[in-house]
Amino acid sequence: MQEPAIEVRSLRKSFRKRNGFMKSSRLWAIDDVSFTVAEGETYGLLGPNGSGKSSLIRILSTLLIADSGCVKLLGHSLPAEQERVRQIIGRVSVDAAFYKKLSARENLLYTALLYGQKAKDAEIRALEILERLGLEGTKFSTPLEEMSRGMQQKISIARALVVNPPLLLLDEPTTGLDPKSRRDVQTFLEELRASEGTTILLTTHDMAEAERLCARIGFLAHGKLVAEGTAADLMKHAQADTLDDAFIKLTGEELADEEEVAVEG
Amino acid sequence: MEIVMRQTWAFLFRGYHLTRRYISWVVVFNFYAVVTSATVALIGVAAGDYQLTLTLVVGALLWNYLSWLYQEIAMSIAYERWEGTLEYTFMAPVSRLVHLLGVSLYSLLNAIVTSVIVLLGLMLLTNLNLRGANLFGVFVVLAVSTLAFVGLGLIAAIFPVMSAERGAEATHIFQGSLLLVSGVYYPIEVLPKWLQPLSAISPATYTLSACRKLFGVGNPASTAEHLAGAPLSSVGSELLILALMGAVLMPVGLWIFLRVEEWAKRAGKLKRTG
């Protein structure tokens, strides 16, 4: 049997929250979460803000160390093999963090060099990716601070892909994008999975996006994975007509819930 | 090896382009460094005391070099936190040793350029004459003390990892303390007795002491026309102490940084700030 690309077993992560002088309490951002993602599969994690999605992505990205549980990416355990894991993952976060004064070219080449790639090869690949994302080549030399949020997010996706990772961790990659940019990104991700067989873990608030892109979906609420399956399975299980209704029935929450529960998003 | 070279180059590439984009700020900082150094050195000129002028010039020059080196390394993490890019650097498959050496190398280049600009500014504003100074010896002392200051920079870089804002504040407090106790502009003996022992653990104390001898400061044979710089052999003890400090501080700095990085990953402290 083929080993899953992503294997998460009994994962737990908590944060301390100060409650006044010398007082603190423990908040569970991720509470006994288990799931697997097959190679080449796109798996969606849906949950409101504070449900633990970003913490989960950050653990998989080697930026956060779990309290307990097992995480394996393409057979490499975390945190023990974090050096190896860093070579096989690309991450896009909700906030497109860049050197805003630098151009797209300079930001992307910096990333490629950090990954030990040749600048010339990386430049060719970056231009190809940006073209497929619907960004004009002329934008390559434009400082990020002069770009719209949508353009910046496309550069962010290009940054994750310029190093050609077999595993892509996308943390709300289309949040805040206009409909055209959102569609461009979604189409690109579909093409990427078809052409390169990239395994994708996607967190999103957008039910339509999850239905379109994800072979399977997990519902995350208060750090727990309360249900998982195909969109059809989840709707059938919840006896709901839409994925939105299924989410509400199975988690008791609305995705639009903006309340920040945990210290970590 | 080729990959490590490219990864190291990444930090020089980034630094070069950031400097290019922030060039007006670079000009301002260098102008300020020249002016503050000159205003200190001119105190000696006003007193009509060439030895005092030279003491102050050497202090200003070396402090610019060492503090710039230390500050750039220590603050590199704070800059990345403010930009939000620290997570991406930490996610990249680059060892922390290569990461911090790349940052240090760029800081070193920056420190050298700034020191040369300050030196030229001081020569222009104070009629400084370096004939007779053992400049080769000064170069050797600076090269050896660079290791110790890189080590200090690595240790100070942990503060912005722990807390972006408070960390930046802490690095400046640390830097200010070094300025106070190292005898940059005055003999250590004028410090309160309880403060003087701290000067012994600052690498800047030995760098300044050695460089002043090599420039000929305090040597009665030194005149405004010709300095009587000491030979390199006369600063052997300072060089040995600086080499030992570098050999201890660099690996200790890296070790502490790695421990704090792990702590930050457990506590969830790496998120963007600013």
# chains A, B, ... in the order shown; residues from 1 in each chain; ligands from 1
call {"tool": "interface_residues", "arguments": {"of": "chain A", "to": "chain B", "cutoff": "7 Å", "atoms": "only C-alpha atoms", "output": "list of chain:residue names"}}
result
A:Phe15, A:Ser61, A:Thr62, A:Leu63, A:Leu64, A:Ile65, A:Ala66, A:Glu83, A:Arg86, A:Gln87, A:Ala97, A:Phe98, A:Tyr99, A:Lys101, A:Leu102, A:Tyr110, A:Leu113, A:Leu114, A:Tyr115, A:Gly116
call {"tool": "write_last_selection", "arguments": {"atoms": "N, CA and C atoms", "output": "PDB file, in the first residue's frame"}}
result
ATOM      1  N   PHE A  15      -1.681  26.487  23.397  1.00  0.00           N
ATOM      2  CA  PHE A  15      -0.949  27.724  23.671  1.00  0.00           C
ATOM      3  C   PHE A  15      -1.358  28.241  25.041  1.00  0.00           C
ATOM      4  N   SER A  61       4.495  23.084   8.236  1.00  0.00           N
ATOM      5  CA  SER A  61       5.522  23.917   7.579  1.00  0.00           C
ATOM      6  C   SER A  61       6.796  24.018   8.405  1.00  0.00           C
ATOM      7  N   THR A  62       6.871  23.315   9.505  1.00  0.00           N
ATOM      8  CA  THR A  62       8.023  23.310  10.437  1.00  0.00           C
ATOM      9  C   THR A  62       8.164  24.620  11.218  1.00  0.00           C
ATOM     10  N   LEU A  63       7.091  25.411  11.270  1.00  0.00           N
ATOM     11  CA  LEU A  63       7.159  26.700  11.969  1.00  0.00           C
ATOM     12  C   LEU A  63       6.608  26.616  13.390  1.00  0.00           C
ATOM     13  N   LEU A  64       6.007  25.499  13.690  1.00  0.00           N
ATOM     14  CA  LEU A  64       5.393  25.310  14.994  1.00  0.00           C
ATOM     15  C   LEU A  64       5.653  23.852  15.387  1.00  0.00           C
ATOM     16  N   ILE A  65       5.946  23.622  16.650  1.00  0.00           N
ATOM     17  CA  ILE A  65       6.193  22.247  17.101  1.00  0.00           C
ATOM     18  C   ILE A  65       4.999  21.792  17.937  1.00  0.00           C
ATOM     19  N   ALA A  66       4.446  20.658  17.555  1.00  0.00           N
ATOM     20  CA  ALA A  66       3.247  20.140  18.237  1.00  0.00           C
ATOM     21  C   ALA A  66       3.591  19.645  19.632  1.00  0.00           C
ATOM     22  N   GLU A  83      14.626  19.350   8.416  1.00  0.00           N
ATOM     23  CA  GLU A  83      15.504  19.821   7.323  1.00  0.00           C
ATOM     24  C   GLU A  83      15.060  19.196   6.000  1.00  0.00           C
ATOM     25  N   ARG A  86      11.617  20.545   4.769  1.00  0.00           N
ATOM     26  CA  ARG A  86      11.666  21.889   4.174  1.00  0.00           C
ATOM     27  C   ARG A  86      11.985  21.850   2.684  1.00  0.00           C
ATOM     28  N   GLN A  87      12.614  20.756   2.253  1.00  0.00           N
ATOM     29  CA  GLN A  87      12.960  20.656   0.826  1.00  0.00           C
ATOM     30  C   GLN A  87      11.779  20.222  -0.028  1.00  0.00           C
ATOM     31  N   ALA A  97       3.403  37.920   2.662  1.00  0.00           N
ATOM     32  CA  ALA A  97       4.545  38.590   3.307  1.00  0.00           C
ATOM     33  C   ALA A  97       5.757  38.581   2.378  1.00  0.00           C
ATOM     34  N   PHE A  98       6.192  39.773   2.027  1.00  0.00           N
ATOM     35  CA  PHE A  98       7.327  39.927   1.111  1.00  0.00           C
ATOM     36  C   PHE A  98       8.184  41.092   1.572  1.00  0.00           C
ATOM     37  N   TYR A  99       9.336  41.240   0.920  1.00  0.00           N
ATOM     38  CA  TYR A  99      10.062  42.505   1.008  1.00  0.00           C
ATOM     39  C   TYR A  99       9.343  43.424   0.029  1.00  0.00           C
ATOM     40  N   LYS A 101       9.507  46.463  -0.792  1.00  0.00           N
ATOM     41  CA  LYS A 101      10.264  47.404  -1.631  1.00  0.00           C
ATOM     42  C   LYS A 101      10.906  46.690  -2.818  1.00  0.00           C
ATOM     43  N   LEU A 102      11.106  45.384  -2.674  1.00  0.00           N
ATOM     44  CA  LEU A 102      11.759  44.639  -3.753  1.00  0.00           C
ATOM     45  C   LEU A 102      10.743  44.252  -4.815  1.00  0.00           C
ATOM     46  N   TYR A 110      15.384  35.585  -4.663  1.00  0.00           N
ATOM     47  CA  TYR A 110      15.892  35.397  -3.295  1.00  0.00           C
ATOM     48  C   TYR A 110      15.434  34.038  -2.757  1.00  0.00           C
ATOM     49  N   LEU A 113      17.237  31.160  -4.557  1.00  0.00           N
ATOM     50  CA  LEU A 113      18.627  31.022  -4.086  1.00  0.00           C
ATOM     51  C   LEU A 113      18.671  30.376  -2.701  1.00  0.00           C
ATOM     52  N   LEU A 114      17.704  30.766  -1.855  1.00  0.00           N
ATOM     53  CA  LEU A 114      17.645  30.156  -0.511  1.00  0.00           C
ATOM     54  C   LEU A 114      17.474  28.643  -0.602  1.00  0.00           C
ATOM     55  N   TYR A 115      16.767  28.217  -1.660  1.00  0.00           N
ATOM     56  CA  TYR A 115      16.550  26.779  -1.846  1.00  0.00           C
ATOM     57  C   TYR A 115      17.686  26.150  -2.661  1.00  0.00           C
ATOM     58  N   GLY A 116      18.732  26.938  -2.905  1.00  0.00           N
ATOM     59  CA  GLY A 116      19.917  26.414  -3.585  1.00  0.00           C
ATOM     60  C   GLY A 116      19.762  26.284  -5.083  1.00  0.00           C
TER      61      GLY A 116
END
call {"tool": "residues_around", "arguments": {"residues": "A:Thr203", "least_positions_apart": "6", "cutoff": "7 Å", "atoms": "only C-alpha atoms", "output": "NGL selection string"}}
result
:A and (44-46 or 53 or 170-172)
call {"tool": "select_by_dssp", "arguments": {"residues": "stretch 84-150 of chain A", "states": "helix (DSSP H, G or I)", "output": "ChimeraX atom specification"}}
result
/A:84-86,104-114,119-132,137-141,144-146,149-150
call {"tool": "residues_around", "arguments": {"residues": "B:Leu119", "least_positions_apart": "3", "cutoff": "10 Å", "atoms": "only C-alpha atoms", "output": "PyMOL selection string"}}
result
chain B and resi 34+37-38+57-58+60-62+64+113-116+122-125+128
call {"tool": "atom_distance", "arguments": {"atom1": "atom CA of A:Glu81", "atom2": "atom CA of A:Thr198"}}
result
20.7 Å
call {"tool": "closest_residue", "arguments": {"among": "A:Ile88, A:Leu78, A:Val185, A:Met147", "to": "A:Gly134", "atoms": "only C-alpha atoms"}}
result
A:Val185
call {"tool": "closest_residue", "arguments": {"among": "A:Gly176, A:Gly218, A:Gly52, A:Pro166", "to": "A:Gly40", "atoms": "only C-alpha atoms"}}
result
A:Pro166
call {"tool": "atom_distance", "arguments": {"atom1": "atom CA of A:Lys154", "atom2": "atom CA of A:Glu228"}}
result
29.0 Å
call {"tool": "select_by_dssp", "arguments": {"residues": "stretch 20-147 of chain A", "states": "strand (DSSP E)", "output": "MDAnalysis selection string"}}
result
chainID A and resid 24:37 42:46 68:73 76:78 89:92
call {"tool": "residues_around", "arguments": {"residues": "A:Arg182", "least_positions_apart": "6", "cutoff": "10 Å", "atoms": "only C-alpha atoms", "output": "list in words"}}
result
Gly150, Gln153, Lys154, Pro173, Thr174, Thr175, Gly176, Phe188 and Glu209 of chain A
call {"tool": "atom_distance", "arguments": {"atom1": "atom CA of B:Asn110", "atom2": "atom CA of B:Met75"}}
result
13.4 Å
call {"tool": "residues_around", "arguments": {"residues": "A:Val37", "least_positions_apart": "5", "cutoff": "9 Å", "atoms": "only C-alpha atoms", "output": "JSON, numbers by chain"}}
result
{"A": [4, 5, 6, 7, 8, 42, 43, 199, 200, 201, 216]}
call {"tool": "closest_residue", "arguments": {"among": "A:Ala221, A:Ile155, A:Ala38, A:Leu202", "to": "A:Thr142", "atoms": "only C-alpha atoms"}}
result
A:Ile155
call {"tool": "residues_around", "arguments": {"residues": "A:Lys249", "least_positions_apart": "6", "cutoff": "9 Å", "atoms": "only C-alpha atoms", "output": "mmCIF file with N, CA and C atoms, in the first residue's frame"}}
result
data_model
loop_
_atom_site.group_PDB
_atom_site.id
_atom_site.type_symbol
_atom_site.label_atom_id
_atom_site.label_comp_id
_atom_site.auth_asym_id
_atom_site.auth_seq_id
_atom_site.Cartn_x
_atom_site.Cartn_y
_atom_site.Cartn_z
ATOM 1 N N ALA A 238 -24.831 14.742 6.761
ATOM 2 C CA ALA A 238 -25.511 15.784 7.542
ATOM 3 C C ALA A 238 -26.966 15.978 7.109
ATOM 4 N N GLN A 239 -27.346 15.234 6.092
ATOM 5 C CA GLN A 239 -28.680 15.388 5.496
ATOM 6 C C GLN A 239 -28.937 16.860 5.147
ATOM 7 N N ALA A 240 -27.943 17.419 4.423
ATOM 8 C CA ALA A 240 -28.017 18.835 4.048
ATOM 9 C C ALA A 240 -27.978 18.966 2.527
#
call {"tool": "residues_around", "arguments": {"residues": "B:Ala74", "least_positions_apart": "4", "cutoff": "9 Å", "atoms": "only C-alpha atoms", "output": "CSV table (one decimal) with N, CA and C atoms, in the first residue's frame"}}
result
chain,number,residue,atom,x,y,z
B,69,LEU,N,28.3,46.5,12.6
B,69,LEU,CA,28.4,45.0,12.4
B,69,LEU,C,27.4,44.3,13.4
B,70,TYR,N,27.5,44.6,14.6
B,70,TYR,CA,26.6,44.0,15.7
B,70,TYR,C,25.2,44.3,15.4
B,78,ALA,N,14.8,41.2,13.4
B,78,ALA,CA,13.7,42.2,13.7
B,78,ALA,C,13.2,42.7,12.3
B,150,VAL,N,30.5,39.3,15.7
B,150,VAL,CA,29.5,38.5,15.0
B,150,VAL,C,28.8,37.6,16.1
B,152,LEU,N,28.5,38.1,19.3
B,152,LEU,CA,27.6,39.0,20.1
B,152,LEU,C,26.3,39.3,19.3
B,153,GLY,N,26.5,39.6,18.0
B,153,GLY,CA,25.3,39.9,17.2
B,153,GLY,C,24.4,38.7,17.1
B,154,LEU,N,24.9,37.5,17.1
B,154,LEU,CA,24.1,36.3,17.0
B,154,LEU,C,23.3,36.1,18.3
B,155,ILE,N,24.0,36.4,19.4
B,155,ILE,CA,23.4,36.3,20.7
B,155,ILE,C,22.3,37.3,20.8
B,156,ALA,N,22.6,38.5,20.4
B,156,ALA,CA,21.5,39.6,20.5
B,156,ALA,C,20.4,39.4,19.5
B,157,ALA,N,20.6,38.6,18.5
B,157,ALA,CA,19.6,38.3,17.5
B,157,ALA,C,18.5,37.5,18.1
B,158,ILE,N,18.7,36.8,19.2
B,158,ILE,CA,17.7,36.0,19.8
B,158,ILE,C,16.5,36.9,20.4
B,159,PHE,N,16.9,38.1,20.7
B,159,PHE,CA,15.8,39.0,21.4
B,159,PHE,C,14.6,39.2,20.4
B,160,PRO,N,14.9,39.6,19.1
B,160,PRO,CA,13.8,39.8,18.2
B,160,PRO,C,13.1,38.5,17.9
B,168,ALA,N,13.9,44.2,19.7
B,168,ALA,CA,14.6,45.3,19.1
B,168,ALA,C,15.1,46.3,20.2
B,171,THR,N,18.2,44.7,22.0
B,171,THR,CA,19.4,44.8,21.3
B,171,THR,C,20.1,46.1,21.4
